[in-house]
Amino acid sequence: FELESDLQLGANVGREETTFRIFAPQAQQVTVTFYRQPDKSDRQTLIMKCVDDRVWETKINSNLHRFYYYYHIIGNNETPHTHFNSSFKVMDPYAIATVGSTGPGIIWDKDLIKRPHSPFIPPHWHDLVIVEAHLRDLLKKAPLELETKERLGFNGLRKWLQEDNNYFKKLGVNAVELQPILEFDNYHATEYHWGYMPVNFFSPESSYASDPLMGSQIEEFQLLIEEFHRQGLAVIIDV
C-alpha cells in the first residue's frame, strides 16, 4: 500500500509518439496490444519494461490517437491476494474512453479535447438546491421529439435541456447531481443501470454515446455539461 509513482499513467500521446504506462508492481511481465481496425487485423503487441519496480512502460514513435488498446499482465499466484490471468485482456484504468464495459480502451490525444470558452461559476455550497437524477429516467418520457438512441444518452439530455418546458426550469433547482455517468459494468447498451458498479472512473459511459467505437462520448459529455452551465445549472457527478 506504500507503493506509488509520479509518472503519468495511461496511454499518453505526443506529436509523434505514444507512451503506455501501467502501475503493476507485482507483475512479472506486461504486454500492450494496440490496433486501429475494430477487427484487430492490424494489431501489434509490445513487451513493456518495468521502469521503477512498479510502473511498466513502452513507447512507440507514432501518434496512435483513436487506436484501441489493452494489456496482458502476467504474474504468479502464490498468495491468495493475486489473481493473475495471462489470457485476460486488461483495460487501462486511466483510459478516458472505452468501447464498452469490458474494453478495449481508446487512445485519445488530450491536446485535441476542446476546452470551454468561459469558466462556469457555481453557486456557493450553502446556496445549492440539488436534484439527483438518472439520465435515462429524465429522457424516458421527456415531451420532445427524440430518436430512440437519443433518448438513451448524452445528446438527448442536451436537447431536452434546451427546451423551454424542461423539468429543471420548473423545479427551480440550481444544481443537478447525475447518477454515475462514468463507464459502468453493464452487459449491453440498452440495459437500464444506475451505474453503481464502476469499471473506469475517467471514461464517460460508452452506452450513453451515439458512436462509442469512435469515442464520441468525450465530446458529447462535454457538450452536455456546457449546456447545463448555459442553463445556469451546476453539475455534481455521483461516483
# chains A, B, ... in the order shown; residues from 1 in each chain; ligands from 1

call {"tool": "select_by_dssp", "arguments": {"residues": "region 16-66 of chain A", "states": "strand (DSSP E)", "output": "VMD selection string"}}
result
chain A and resid 18 to 23 29 to 35 44 to 47 49 to 50 55 to 60

call {"tool": "residues_around", "arguments": {"residues": "region 145-153 of chain A", "least_positions_apart": "6", "cutoff": "8 Å", "atoms": "only C-alpha atoms", "output": "mmCIF file with C-alpha atoms, in the first residue's frame"}}
result
data_model
loop_
_atom_site.group_PDB
_atom_site.id
_atom_site.type_symbol
_atom_site.label_atom_id
_atom_site.label_comp_id
_atom_site.auth_asym_id
_atom_site.auth_seq_id
_atom_site.Cartn_x
_atom_site.Cartn_y
_atom_site.Cartn_z
ATOM 1 C CA LEU A 135 -30.005 10.260 -17.270
ATOM 2 C CA ARG A 136 -32.361 7.711 -18.810
ATOM 3 C CA LEU A 139 -35.413 11.133 -21.007
ATOM 4 C CA THR A 190 -29.808 -0.606 -23.824
ATOM 5 C CA SER A 207 -23.646 3.277 -23.772
ATOM 6 C CA TYR A 208 -24.719 6.927 -23.438
ATOM 7 C CA ALA A 209 -22.772 7.842 -26.601
ATOM 8 C CA SER A 210 -24.003 7.947 -30.191
#

call {"tool": "atom_distance", "arguments": {"atom1": "CA of Asp137 (chain A)", "atom2": "CA of Met91 (chain A)"}}
result
29.0 Å

call {"tool": "atom_distance", "arguments": {"atom1": "CA of Ser101 (chain A)", "atom2": "CA of Asp185 (chain A)"}}
result
5.3 Å

call {"tool": "residues_around", "arguments": {"residues": "Ser206 (chain A)", "least_positions_apart": "6", "cutoff": "12 Å", "atoms": "only C-alpha atoms", "output": "JSON, numbers by chain"}}
result
{"A": [96, 97, 98, 99, 100, 101, 102, 103, 104, 105, 106, 152, 153, 154, 181, 182, 183, 184, 185, 186, 187, 188, 189, 190, 195, 199, 200, 212, 213, 214, 215, 216, 217, 218, 219, 220, 221]}

call {"tool": "residues_around", "arguments": {"residues": "Lys89 (chain A)", "least_positions_apart": "4", "cutoff": "8 Å", "atoms": "only C-alpha atoms", "output": "list in words"}}
result
Tyr70, Tyr71 and His72 of chain A

call {"tool": "write_last_selection", "arguments": {"atoms": "C-alpha atoms", "output": "mmCIF file, in the first residue's frame"}}
result
data_model
loop_
_atom_site.group_PDB
_atom_site.id
_atom_site.type_symbol
_atom_site.label_atom_id
_atom_site.label_comp_id
_atom_site.auth_asym_id
_atom_site.auth_seq_id
_atom_site.Cartn_x
_atom_site.Cartn_y
_atom_site.Cartn_z
ATOM 1 C CA TYR A 70 -5.486 -3.409 -23.874
ATOM 2 C CA TYR A 71 -2.869 -5.070 -21.657
ATOM 3 C CA HIS A 72 -1.939 -8.614 -20.702
#

call {"tool": "residues_around", "arguments": {"residues": "Arg43 (chain A)", "least_positions_apart": "6", "cutoff": "8 Å", "atoms": "only C-alpha atoms", "output": "list in words"}}
result
Thr33, Phe34, Tyr35, Arg36 and Gln37 of chain A

call {"tool": "residues_around", "arguments": {"residues": "region 79-85 of chain A", "least_positions_apart": "2", "cutoff": "12 Å", "atoms": "only C-alpha atoms", "output": "number ranges by chain"}}
result
A: 24-30, 71-77, 87-90

call {"tool": "write_last_selection", "arguments": {"atoms": "C-alpha atoms", "output": "PDB file, in the first residue's frame"}}
result
ATOM      1  CA  ALA A  24       1.534  -3.203 -11.795  1.00  0.00           C
ATOM      2  CA  PRO A  25       4.169  -3.740  -9.074  1.00  0.00           C
ATOM      3  CA  GLN A  26       3.505  -7.469  -8.627  1.00  0.00           C
ATOM      4  CA  ALA A  27       3.596  -8.320 -12.327  1.00  0.00           C
ATOM      5  CA  GLN A  28       6.376 -10.375 -13.876  1.00  0.00           C
ATOM      6  CA  GLN A  29       5.615  -9.376 -17.473  1.00  0.00           C
ATOM      7  CA  VAL A  30       3.276  -6.888 -19.143  1.00  0.00           C
ATOM      8  CA  TYR A  71      -2.869  -5.070 -21.657  1.00  0.00           C
ATOM      9  CA  HIS A  72      -1.939  -8.614 -20.702  1.00  0.00           C
ATOM     10  CA  ILE A  73      -0.410  -8.854 -17.228  1.00  0.00           C
ATOM     11  CA  ILE A  74       1.466 -11.979 -16.177  1.00  0.00           C
ATOM     12  CA  GLY A  75       2.464 -12.913 -12.653  1.00  0.00           C
ATOM     13  CA  ASN A  76       2.400 -15.762 -10.157  1.00  0.00           C
ATOM     14  CA  ASN A  77      -0.487 -16.601  -7.868  1.00  0.00           C
ATOM     15  CA  SER A  87      -5.220 -14.594 -21.163  1.00  0.00           C
ATOM     16  CA  PHE A  88      -7.349 -11.818 -19.679  1.00  0.00           C
ATOM     17  CA  LYS A  89      -7.462  -8.526 -21.593  1.00  0.00           C
ATOM     18  CA  VAL A  90      -6.872  -5.812 -19.010  1.00  0.00           C
TER      19      VAL A  90
END

call {"tool": "select_by_dssp", "arguments": {"residues": "region 2-235 of chain A", "states": "helix (DSSP H, G or I)", "output": "MDAnalysis selection string"}}
result
chainID A and resid 110:112 125:127 135:140 150:152 154:161 167:171 206:208 212:214 217:230

call {"tool": "residues_around", "arguments": {"residues": "Tyr196 (chain A)", "least_positions_apart": "2", "cutoff": "7 Å", "atoms": "only C-alpha atoms", "output": "ChimeraX atom specification"}}
result
/A:180,194,198

call {"tool": "closest_residue", "arguments": {"among": "A:Asp238, A:Asp127, A:Arg158, A:Leu223", "to": "Leu178 (chain A)", "atoms": "only C-alpha atoms"}}
result
A:Asp238
